[in-house]
>>> print(open('query00.pdb').read())   # PDB, C-alpha atoms
ATOM      1  CA  MET A   1      32.682   0.071  66.998
ATOM      2  CA  ALA A   2      34.718  -2.152  64.690
ATOM      3  CA  ASP A   3      33.468  -2.800  61.152
ATOM      4  CA  THR A   4      31.958  -6.282  61.195
ATOM      5  CA  SER A   5      29.982  -6.130  57.946
ATOM      6  CA  ALA A   6      32.078  -8.831  56.303
ATOM      7  CA  GLN A   7      31.781 -11.061  59.369
ATOM      8  CA  SER A   8      28.030 -10.435  59.458
ATOM      9  CA  ASP A   9      27.731 -11.561  55.844
ATOM     10  CA  GLU A  10      29.671 -14.679  56.697
ATOM     11  CA  ILE A  11      27.408 -15.347  59.666
ATOM     12  CA  MET A  12      24.266 -15.013  57.554
ATOM     13  CA  ALA A  13      25.692 -17.248  54.827
ATOM     14  CA  ALA A  14      26.643 -19.908  57.341
ATOM     15  CA  ALA A  15      23.220 -19.736  58.972
ATOM     16  CA  GLY A  16      21.545 -20.092  55.595
ATOM     17  CA  ARG A  17      23.673 -23.128  54.731
ATOM     18  CA  SER A  18      22.905 -24.696  58.077
ATOM     19  CA  LEU A  19      19.175 -24.212  57.662
ATOM     20  CA  ALA A  20      19.245 -25.556  54.097
ATOM     21  CA  VAL A  21      21.130 -28.668  55.154
ATOM     22  CA  ASN A  22      18.805 -29.160  58.093
ATOM     23  CA  ARG A  23      15.735 -28.879  55.912
ATOM     24  CA  GLN A  24      17.152 -31.184  53.263
ATOM     25  CA  GLY A  25      17.928 -33.809  55.861
ATOM     26  CA  GLY A  26      14.465 -33.463  57.282
ATOM     27  CA  TYR A  27      12.877 -34.030  53.897
ATOM     28  CA  HIS A  28      14.989 -37.146  53.337
ATOM     29  CA  ARG A  29      14.031 -38.512  56.735
ATOM     30  CA  ARG A  30      10.299 -38.078  56.082
ATOM     31  CA  ALA A  31       8.475 -40.190  53.576
ATOM     32  CA  GLN A  32       7.230 -38.412  50.504
ATOM     33  CA  SER A  33       3.720 -37.056  50.898
ATOM     34  CA  ILE A  34       1.029 -39.322  49.497
ATOM     35  CA  GLY A  35      -1.352 -36.420  48.916
ATOM     36  CA  LYS A  36      -1.790 -32.676  48.889
ATOM     37  CA  GLY A  37      -3.596 -32.677  52.230
ATOM     38  CA  SER A  38      -0.659 -34.096  54.164
ATOM     39  CA  ALA A  39       1.775 -31.980  52.131
ATOM     40  CA  GLN A  40      -0.065 -28.826  53.169
ATOM     41  CA  ILE A  41       0.041 -29.869  56.821
ATOM     42  CA  LYS A  42       3.811 -30.349  56.539
ATOM     43  CA  LEU A  43       4.214 -27.022  54.745
ATOM     44  CA  ARG A  44       2.368 -25.162  57.497
ATOM     45  CA  HIS A  45       4.574 -26.901  60.061
ATOM     46  CA  TRP A  46       7.757 -25.829  58.233
ATOM     47  CA  ARG A  47       6.543 -22.264  57.883
ATOM     48  CA  LYS A  48       6.103 -22.039  61.639
ATOM     49  CA  LYS A  49       9.621 -23.398  62.074
ATOM     50  CA  LEU A  50      11.067 -20.837  59.663
ATOM     51  CA  ILE A  51       9.327 -18.020  61.521
ATOM     52  CA  ARG A  52      10.800 -19.208  64.821
ATOM     53  CA  VAL A  53      14.257 -19.498  63.251
ATOM     54  CA  ALA A  54      14.017 -16.003  61.757
ATOM     55  CA  VAL A  55      12.936 -14.517  65.103
ATOM     56  CA  ALA A  56      15.772 -16.289  66.912
ATOM     57  CA  VAL A  57      18.420 -15.155  64.393
ATOM     58  CA  PHE A  58      17.136 -11.574  64.547
ATOM     59  CA  GLY A  59      17.256 -11.677  68.347
ATOM     60  CA  ILE A  60      20.844 -12.924  68.284
ATOM     61  CA  PHE A  61      21.874 -10.113  65.927
ATOM     62  CA  VAL A  62      20.160  -7.542  68.120
ATOM     63  CA  ALA A  63      21.935  -8.908  71.195
ATOM     64  CA  ALA A  64      25.273  -8.872  69.351
ATOM     65  CA  GLY A  65      24.661  -5.294  68.216
ATOM     66  CA  ILE A  66      23.833  -4.114  71.719
ATOM     67  CA  ALA A  67      26.907  -5.879  73.067
ATOM     68  CA  GLY A  68      29.000  -4.196  70.356
ATOM     69  CA  LEU A  69      27.705  -0.754  71.335
ATOM     70  CA  VAL A  70      28.314  -1.318  75.025
ATOM     71  CA  LEU A  71      31.729  -2.905  74.602
ATOM     72  CA  ASP A  72      32.794  -0.801  71.586
ATOM     73  CA  GLY A  73      32.950  -3.873  69.358
ATOM     74  CA  ILE A  74      32.587  -7.572  70.009
ATOM     75  CA  GLY A  75      35.844  -8.637  68.385
ATOM     76  CA  PHE A  76      36.679 -11.959  66.802
ATOM     77  CA  VAL A  77      35.527 -13.945  69.838
ATOM     78  CA  GLY A  78      32.171 -12.156  69.826
ATOM     79  CA  VAL A  79      31.694 -12.757  66.112
ATOM     80  CA  MET A  80      32.450 -16.466  66.515
ATOM     81  CA  ALA A  81      30.105 -16.678  69.515
ATOM     82  CA  THR A  82      27.382 -15.039  67.443
ATOM     83  CA  LEU A  83      28.003 -17.481  64.603
ATOM     84  CA  VAL A  84      27.844 -20.465  66.950
ATOM     85  CA  ALA A  85      24.652 -19.147  68.550
ATOM     86  CA  ILE A  86      22.992 -18.744  65.142
ATOM     87  CA  VAL A  87      24.033 -22.197  63.955
ATOM     88  CA  VAL A  88      22.783 -23.781  67.179
ATOM     89  CA  ALA A  89      19.487 -21.879  66.972
ATOM     90  CA  VAL A  90      18.958 -22.913  63.351
ATOM     91  CA  ALA A  91      19.834 -26.544  64.070
ATOM     92  CA  VAL A  92      17.623 -26.829  67.157
ATOM     93  CA  LEU A  93      14.630 -24.818  65.953
ATOM     94  CA  GLY A  94      14.891 -26.389  62.487
ATOM     95  CA  SER A  95      14.677 -29.879  63.965
ATOM     96  CA  TYR A  96      12.207 -29.393  66.800
ATOM     97  CA  PRO A  97       9.379 -29.671  67.375
ATOM     98  CA  LYS A  98       8.798 -32.631  65.092
ATOM     99  CA  ILE A  99       5.587 -32.717  63.132
ATOM    100  CA  ARG A 100       2.998 -34.548  65.186
ATOM    101  CA  VAL A 101       1.425 -37.533  63.474
ATOM    102  CA  PRO A 102      -2.290 -37.640  64.332
ATOM    103  CA  ARG A 103      -3.317 -40.335  66.737
ATOM    104  CA  ARG A 104      -5.858 -42.763  65.404
ATOM    105  CA  ALA A 105      -8.424 -41.439  67.891
ATOM    106  CA  ASP A 106      -7.950 -37.919  66.503
ATOM    107  CA  ILE A 107      -8.332 -38.762  62.814
ATOM    108  CA  ASN A 108     -12.120 -38.616  62.798
ATOM    109  CA  LYS A 109     -12.391 -35.200  64.469
ATOM    110  CA  GLY A 110     -13.287 -31.884  62.867
ATOM    111  CA  ASP A 111     -14.853 -31.446  59.434
ATOM    112  CA  VAL A 112     -14.546 -34.208  56.865
ATOM    113  CA  GLN A 113     -12.259 -32.229  54.564
ATOM    114  CA  THR A 114      -9.721 -31.670  57.364
ATOM    115  CA  MET A 115     -10.065 -35.329  58.302
ATOM    116  CA  VAL A 116      -8.859 -36.305  54.832
ATOM    117  CA  GLY A 117      -5.552 -34.447  55.328
ATOM    118  CA  ARG A 118      -5.034 -36.006  58.754
ATOM    119  CA  THR A 119      -5.744 -39.456  57.297
ATOM    120  CA  GLU A 120      -3.091 -38.936  54.629
ATOM    121  CA  LEU A 121      -0.539 -37.892  57.246
ATOM    122  CA  TRP A 122      -1.411 -40.873  59.440
ATOM    123  CA  LEU A 123      -1.151 -43.290  56.510
ATOM    124  CA  GLU A 124       2.307 -41.953  55.632
ATOM    125  CA  ALA A 125       3.508 -42.837  59.120
ATOM    126  CA  GLN A 126       2.202 -46.404  58.702
ATOM    127  CA  ARG A 127       3.883 -47.138  55.361
ATOM    128  CA  PRO A 128       7.176 -48.497  56.766
ATOM    129  CA  ALA A 129       5.227 -51.268  58.526
ATOM    130  CA  LEU A 130       3.211 -52.284  55.461
ATOM    131  CA  PRO A 131       4.128 -54.813  52.731
ATOM    132  CA  PRO A 132       5.204 -53.289  49.384
ATOM    133  CA  PRO A 133       1.960 -54.154  47.524
ATOM    134  CA  ALA A 134      -0.069 -52.476  50.269
ATOM    135  CA  VAL A 135       2.198 -49.411  50.137
ATOM    136  CA  GLN A 136       1.430 -49.044  46.434
ATOM    137  CA  VAL A 137      -2.296 -49.140  47.195
ATOM    138  CA  VAL A 138      -1.848 -46.584  49.998
ATOM    139  CA  ASP A 139      -0.040 -44.236  47.619
ATOM    140  CA  GLY A 140      -2.948 -44.531  45.203
ATOM    141  CA  ILE A 141      -5.396 -43.874  48.026
ATOM    142  CA  GLY A 142      -3.521 -40.648  48.750
ATOM    143  CA  VAL A 143      -4.259 -39.409  45.231
ATOM    144  CA  GLN A 144      -7.887 -40.463  45.593
ATOM    145  CA  LEU A 145      -8.218 -38.647  48.910
ATOM    146  CA  ASP A 146      -7.045 -35.443  47.230
ATOM    147  CA  ALA A 147      -9.847 -35.749  44.682
ATOM    148  CA  LEU A 148     -12.329 -36.640  47.416
ATOM    149  CA  GLY A 149     -11.230 -33.662  49.500
ATOM    150  CA  LEU A 150     -12.114 -31.297  46.646
ATOM    151  CA  GLN A 151     -15.611 -32.755  46.469
ATOM    152  CA  LEU A 152     -16.054 -32.412  50.245
ATOM    153  CA  ALA A 153     -15.571 -28.634  50.220
ATOM    154  CA  GLY A 154     -18.745 -27.032  51.529
ATOM    155  CA  LEU A 155     -20.450 -30.382  52.093
ATOM    156  CA  ASP A 156     -23.004 -30.530  54.914
ATOM    157  CA  GLN A 157     -21.282 -32.332  57.782
ATOM    158  CA  ASN A 158     -24.497 -34.200  58.618
ATOM    159  CA  SER A 159     -25.243 -35.328  55.076
ATOM    160  CA  PRO A 160     -25.287 -39.078  54.306
ATOM    161  CA  GLN A 161     -22.185 -38.649  52.130
ATOM    162  CA  ALA A 162     -20.239 -37.000  54.968
ATOM    163  CA  VAL A 163     -21.294 -39.732  57.400
ATOM    164  CA  GLU A 164     -20.204 -42.415  54.938
ATOM    165  CA  VAL A 165     -16.833 -40.733  54.401
ATOM    166  CA  ARG A 166     -16.269 -40.570  58.167
ATOM    167  CA  LYS A 167     -16.976 -44.273  58.545
ATOM    168  CA  LEU A 168     -14.808 -45.283  55.606
ATOM    169  CA  ILE A 169     -11.836 -42.921  56.025
ATOM    170  CA  GLY A 170     -11.978 -42.132  59.723
ATOM    171  CA  GLU A 171     -12.881 -45.583  61.069
ATOM    172  CA  HIS A 172     -12.636 -48.581  58.715
ATOM    173  CA  LEU A 173      -9.354 -47.624  57.050
ATOM    174  CA  PRO A 174      -7.310 -46.969  60.231
ATOM    175  CA  GLU A 175      -8.897 -49.948  62.008
ATOM    176  CA  MET A 176      -7.811 -52.228  59.178
ATOM    177  CA  VAL A 177      -4.217 -50.991  59.241
ATOM    178  CA  ASP A 178      -4.085 -51.206  63.033
ATOM    179  CA  SER A 179      -5.394 -54.786  62.962
ATOM    180  CA  TYR A 180      -2.647 -55.745  60.529
ATOM    181  CA  ARG A 181       0.062 -54.124  62.648
ATOM    182  CA  LYS A 182      -1.029 -56.188  65.639
ATOM    183  CA  VAL A 183      -0.157 -59.379  63.765
ATOM    184  CA  PRO A 184       3.371 -60.565  64.708
ATOM    185  CA  GLN A 185       5.753 -59.848  61.869
ATOM    186  CA  HIS A 186       6.825 -63.471  61.402
ATOM    187  CA  LEU A 187       3.185 -64.497  60.840
ATOM    188  CA  ARG A 188       2.294 -61.850  58.249
ATOM    189  CA  ALA A 189       3.508 -63.934  55.312
ATOM    190  CA  GLU A 190       2.004 -67.197  56.625
ATOM    191  CA  PRO A 191      -1.171 -68.385  54.834
ATOM    192  CA  ARG A 192      -4.322 -68.375  56.914
ATOM    193  CA  PRO A 193      -7.085 -71.017  56.757
ATOM    194  CA  GLY A 194      -8.683 -69.076  53.910
ATOM    195  CA  GLY A 195      -5.503 -69.450  51.865
ATOM    196  CA  LYS A 196      -4.368 -65.830  52.027
ATOM    197  CA  THR A 197      -1.597 -64.349  54.102
ATOM    198  CA  PRO A 198      -2.227 -61.313  56.319
ATOM    199  CA  ASP A 199      -0.145 -59.324  53.809
ATOM    200  CA  GLN A 200      -2.505 -60.332  51.016
ATOM    201  CA  GLN A 201      -5.587 -59.755  53.146
ATOM    202  CA  LEU A 202      -4.456 -56.225  53.968
ATOM    203  CA  THR A 203      -3.653 -55.427  50.337
ATOM    204  CA  ASP A 204      -7.011 -56.747  49.139
ATOM    205  CA  SER A 205      -8.894 -54.859  51.853
ATOM    206  CA  LEU A 206      -7.091 -51.613  51.044
ATOM    207  CA  ALA A 207      -7.923 -52.133  47.376
ATOM    208  CA  GLY A 208     -11.584 -52.513  48.369
ATOM    209  CA  ILE A 209     -11.453 -49.237  50.279
ATOM    210  CA  SER A 210      -9.806 -47.626  47.270
ATOM    211  CA  ARG A 211     -12.714 -48.705  45.069
ATOM    212  CA  GLU A 212     -15.202 -47.386  47.609
ATOM    213  CA  ILE A 213     -13.440 -44.009  47.776
ATOM    214  CA  ASP A 214     -13.646 -43.813  43.996
ATOM    215  CA  THR A 215     -17.366 -44.615  44.124
ATOM    216  CA  ILE A 216     -18.088 -41.909  46.713
ATOM    217  CA  THR A 217     -16.031 -39.360  44.787
ATOM    218  CA  ARG A 218     -17.967 -40.131  41.601
ATOM    219  CA  GLN A 219     -21.283 -39.850  43.438
ATOM    220  CA  LEU A 220     -20.336 -36.441  44.816
ATOM    221  CA  ALA A 221     -19.045 -35.347  41.414
ATOM    222  CA  GLU A 222     -22.335 -36.356  39.791
ATOM    223  CA  GLY A 223     -24.058 -33.714  41.895
ATOM    224  CA  SER A 224     -21.664 -31.069  40.584
ATOM    225  CA  LEU A 225     -22.107 -32.307  37.008
ATOM    226  CA  ASP A 226     -25.898 -32.212  37.348
ATOM    227  CA  GLU A 227     -25.701 -28.668  38.703
ATOM    228  CA  LEU A 228     -23.449 -27.658  35.818
ATOM    229  CA  ALA A 229     -25.911 -29.149  33.319
ATOM    230  CA  VAL A 230     -28.831 -27.314  34.921
ATOM    231  CA  ARG A 231     -26.954 -24.020  34.765
ATOM    232  CA  GLY A 232     -26.035 -24.692  31.141
ATOM    233  CA  ARG A 233     -29.680 -25.314  30.209
ATOM    234  CA  PHE A 234     -30.735 -22.164  32.043
ATOM    235  CA  LEU A 235     -28.185 -20.047  30.185
ATOM    236  CA  GLU A 236     -29.203 -21.618  26.893
ATOM    237  CA  TYR A 237     -32.847 -20.799  27.624
ATOM    238  CA  ARG A 238     -32.063 -17.290  28.857
ATOM    239  CA  TYR A 239     -29.561 -16.208  26.218
ATOM    240  CA  GLY A 240     -30.059 -18.722  23.465
ATOM    241  CA  ASP A 241     -27.731 -21.378  22.076
ATOM    242  CA  PRO A 242     -24.331 -19.706  21.513
ATOM    243  CA  ASP A 243     -23.614 -22.164  18.671
ATOM    244  CA  SER A 244     -26.757 -21.315  16.705
ATOM    245  CA  PRO A 245     -26.640 -18.601  14.025
ATOM    246  CA  VAL A 246     -27.803 -15.194  15.154
ATOM    247  CA  GLN A 247     -31.145 -14.303  13.647
ATOM    248  CA  GLU A 248     -31.754 -10.731  12.710
ATOM    249  CA  SER A 249     -34.920  -9.245  14.093
ATOM    250  CA  GLN A 250     -37.521  -8.414  11.511
TER     251      GLN A 250
END
>>> encode(input="query00.pdb", output="structure tokens")
Amino acid sequence: MADTSAQSDEIMAAAGRSLAVNRQGGYHRRAQSIGKGSAQIKLRHWRKKLIRVAVAVFGIFVAAGIAGLVLDGIGFVGVMATLVAIVVAVAVLGSYPKIRVPRRADINKGDVQTMVGRTELWLEAQRPALPPPAVQVVDGIGVQLDALGLQLAGLDQNSPQAVEVRKLIGEHLPEMVDSYRKVPQHLRAEPRPGGKTPDQQLTDSLAGISREIDTITRQLAEGSLDELAVRGRFLEYRYGDPDSPVQESQ
């Protein structure tokens, strides 16, 4: 069999460049993540893609190796065919399937912490249709949802706080954005009888939701702070105040 080590190195380098370019283009096409929840969903999606690409490239090399053994070398044409097959596999599997944006009906499913990540991903997909001031509020909401998600870890799904989060994040927020998107674009900057335009109404409503998210997060954090204070008092009672001077026993 002919020595194709140099050609194999070239094939791998070309495949790597193709995948890098494909991934870079994909990142430019997608809007930047507004929160860690949506970023983690995207990362898991890309990991699955990379695994499929790696399996495909390995399969192509195995097929080329078997062909080389049977035919006593694949020659220049075989090497080029292998290269083309790898590039095509990387391009196709690196581009498809696209990450699926949650449907509005699916946002409020599962536990509340998972719902937060889906909400972030859904909001990212809505940003191109929103006015710039509203986009700024949405980006801030993404940061708030990250903080809220941390407080929701281990929370009872039937607790009043969880129910409130579902209503606010899983229902009111997407309903508001959907209502705005139903307004014809040429009417969104036209003042309504109340004096505000639909653009302004959306921005103000999103700001109200932002304040409510902050309130819920603080309420949940208060529980953690109270628990921390109780534990601190217990340790102080059990082991004494670490800042007080040590008294020698008589």
>>> atom_distance(input="query00.pdb", atom1="CA of Gly149 (chain A)", atom2="CA of Val116 (chain A)")
6.4 Å
>>> axis_aligned_box(input="query00.pdb", around="region 206-214 of chain A", padding_each_side="3 Å", output="AutoDock Vina command-line options")
--center_x -11.1 --center_y -48.2 --center_z 47.5 --size_x 14.1 --size_y 14.7 --size_z 13.0
>>> residues_around(input="query00.pdb", residues="Val101 (chain A)", least_positions_apart="5", cutoff="8 Å", atoms="all atoms listed in the file", output="PyMOL selection string")
chain A and resi 121-122+125
>>> atom_distance(input="query00.pdb", atom1="CA of Arg192 (chain A)", atom2="CA of Gly140 (chain A)")
26.6 Å
>>> residues_around(input="query00.pdb", residues="Ala147 (chain A)", least_positions_apart="3", cutoff="10 Å", atoms="only C-alpha atoms", output="list in words")
Gly35, Lys36, Ile141, Gly142, Val143, Gln144, Leu150, Gln151, Leu152, Ile213, Asp214, Thr217, Arg218 and Ala221 of chain A
>>> closest_residue(input="query00.pdb", among="A:Leu148, A:Val53, A:Leu130, A:Ala63", to="Gln219 (chain A)", atoms="all atoms listed in the file")
A:Leu148
>>> resolve_selection(input="query00.pdb", expression="the PyMOL selection byres ((chain A and resi 137) around 10)", output="ChimeraX atom specification")
/A:132-136,138-142,203-210
>>> residues_around(input="query00.pdb", residues="region 55-60 of chain A", least_positions_apart="6", cutoff="10 Å", atoms="all atoms listed in the file", output="tab-separated table (two decimals) with C-alpha atoms, in the frame of the given file")
chain	number	residue	atom	x	y	z
A	12	MET	CA	24.27	-15.01	57.55
A	15	ALA	CA	23.22	-19.74	58.97
A	49	LYS	CA	9.62	-23.40	62.07
A	66	ILE	CA	23.83	-4.11	71.72
A	82	THR	CA	27.38	-15.04	67.44
A	83	LEU	CA	28.00	-17.48	64.60
A	85	ALA	CA	24.65	-19.15	68.55
A	86	ILE	CA	22.99	-18.74	65.14
A	87	VAL	CA	24.03	-22.20	63.96
A	89	ALA	CA	19.49	-21.88	66.97
A	90	VAL	CA	18.96	-22.91	63.35
A	93	LEU	CA	14.63	-24.82	65.95
>>> residues_around(input="query00.pdb", residues="Arg188 (chain A)", least_positions_apart="4", cutoff="7 Å", atoms="all atoms listed in the file", output="ChimeraX atom specification")
/A:183-184,197-199
>>> resolve_selection(input="query00.pdb", expression="the PyMOL selection byres ((chain A and resi 157-161) around 12)", output="JSON, numbers by chain")
{"A": [109, 110, 111, 112, 113, 114, 115, 148, 151, 152, 153, 154, 155, 156, 162, 163, 164, 165, 166, 167, 168, 169, 213, 215, 216, 217, 218, 219, 220, 221, 223]}
>>> resolve_selection(input="query00.pdb", expression="the PyMOL selection byres ((chain A and resi 102) around 9)", output="VMD selection string")
chain A and resid 100 to 101 103 to 107 118 to 119 121 to 122
>>> build_atoms(input="query00.pdb", residues="region 92-126 of chain A", atoms="N, CA and C atoms", output="short mmCIF file (atom, residue, chain, number, x, y, z; two decimals), in the frame of the given file")
data_model
loop_
_atom_site.label_atom_id
_atom_site.label_comp_id
_atom_site.auth_asym_id
_atom_site.auth_seq_id
_atom_site.Cartn_x
_atom_site.Cartn_y
_atom_site.Cartn_z
N VAL A 92 18.61 -26.38 66.16
CA VAL A 92 17.62 -26.83 67.16
C VAL A 92 16.21 -26.50 66.70
N LEU A 93 15.98 -25.23 66.34
CA LEU A 93 14.63 -24.82 65.95
C LEU A 93 14.22 -25.40 64.60
N GLY A 94 15.21 -25.76 63.76
CA GLY A 94 14.89 -26.39 62.49
C GLY A 94 14.55 -27.86 62.63
N SER A 95 14.93 -28.45 63.75
CA SER A 95 14.68 -29.88 63.96
C SER A 95 13.51 -30.14 64.90
N TYR A 96 13.26 -29.21 65.80
CA TYR A 96 12.21 -29.39 66.80
C TYR A 96 11.29 -28.19 66.80
N PRO A 97 10.01 -28.38 67.11
CA PRO A 97 9.38 -29.67 67.38
C PRO A 97 9.12 -30.45 66.10
N LYS A 98 9.11 -31.78 66.22
CA LYS A 98 8.80 -32.63 65.09
C LYS A 98 7.32 -32.50 64.76
N ILE A 99 6.99 -32.74 63.50
CA ILE A 99 5.59 -32.72 63.13
C ILE A 99 4.87 -33.86 63.83
N ARG A 100 3.73 -33.56 64.39
CA ARG A 100 3.00 -34.55 65.19
C ARG A 100 2.07 -35.35 64.29
N VAL A 101 2.30 -36.65 64.24
CA VAL A 101 1.42 -37.53 63.47
C VAL A 101 0.12 -37.70 64.26
N PRO A 102 -1.01 -37.51 63.61
CA PRO A 102 -2.29 -37.64 64.33
C PRO A 102 -2.44 -39.03 64.95
N ARG A 103 -2.96 -39.05 66.15
CA ARG A 103 -3.32 -40.34 66.74
C ARG A 103 -4.57 -40.87 66.05
N ARG A 104 -4.70 -42.17 66.08
CA ARG A 104 -5.86 -42.76 65.40
C ARG A 104 -7.17 -42.21 65.97
N ALA A 105 -7.20 -41.95 67.27
CA ALA A 105 -8.42 -41.44 67.89
C ALA A 105 -8.75 -40.02 67.43
N ASP A 106 -7.74 -39.31 66.91
CA ASP A 106 -7.95 -37.92 66.50
C ASP A 106 -8.26 -37.77 65.02
N ILE A 107 -8.15 -38.85 64.26
CA ILE A 107 -8.33 -38.76 62.81
C ILE A 107 -9.74 -38.30 62.47
N ASN A 108 -10.72 -38.84 63.16
CA ASN A 108 -12.12 -38.62 62.80
C ASN A 108 -12.72 -37.39 63.47
N LYS A 109 -11.90 -36.42 63.83
CA LYS A 109 -12.39 -35.20 64.47
C LYS A 109 -12.41 -34.05 63.46
N GLY A 110 -13.22 -33.04 63.75
CA GLY A 110 -13.29 -31.88 62.87
C GLY A 110 -14.13 -32.17 61.63
N ASP A 111 -14.07 -31.26 60.65
CA ASP A 111 -14.85 -31.45 59.43
C ASP A 111 -14.21 -32.53 58.57
N VAL A 112 -15.00 -33.06 57.65
CA VAL A 112 -14.55 -34.21 56.86
C VAL A 112 -13.39 -33.84 55.94
N GLN A 113 -13.35 -32.61 55.45
CA GLN A 113 -12.26 -32.23 54.56
C GLN A 113 -10.93 -32.19 55.31
N THR A 114 -10.93 -31.66 56.55
CA THR A 114 -9.72 -31.67 57.36
C THR A 114 -9.33 -33.09 57.73
N MET A 115 -10.33 -33.93 57.96
CA MET A 115 -10.06 -35.33 58.30
C MET A 115 -9.29 -36.04 57.20
N VAL A 116 -9.56 -35.68 55.95
CA VAL A 116 -8.86 -36.30 54.83
C VAL A 116 -7.36 -36.04 54.92
N GLY A 117 -6.97 -34.78 55.20
CA GLY A 117 -5.55 -34.45 55.33
C GLY A 117 -4.89 -35.18 56.48
N ARG A 118 -5.60 -35.28 57.61
CA ARG A 118 -5.03 -36.01 58.75
C ARG A 118 -4.88 -37.49 58.42
N THR A 119 -5.84 -38.04 57.68
CA THR A 119 -5.74 -39.46 57.30
C THR A 119 -4.52 -39.70 56.42
N GLU A 120 -4.27 -38.80 55.48
CA GLU A 120 -3.09 -38.94 54.63
C GLU A 120 -1.81 -38.92 55.46
N LEU A 121 -1.74 -37.99 56.41
CA LEU A 121 -0.54 -37.89 57.25
C LEU A 121 -0.38 -39.14 58.10
N TRP A 122 -1.47 -39.66 58.62
CA TRP A 122 -1.41 -40.87 59.44
C TRP A 122 -0.98 -42.07 58.60
N LEU A 123 -1.52 -42.17 57.39
CA LEU A 123 -1.15 -43.29 56.51
C LEU A 123 0.33 -43.26 56.16
N GLU A 124 0.88 -42.06 55.95
CA GLU A 124 2.31 -41.95 55.63
C GLU A 124 3.16 -42.55 56.74
N ALA A 125 2.75 -42.32 57.98
CA ALA A 125 3.51 -42.84 59.12
C ALA A 125 3.41 -44.35 59.23
N GLN A 126 2.38 -44.95 58.62
CA GLN A 126 2.20 -46.40 58.70
C GLN A 126 2.92 -47.15 57.59
#
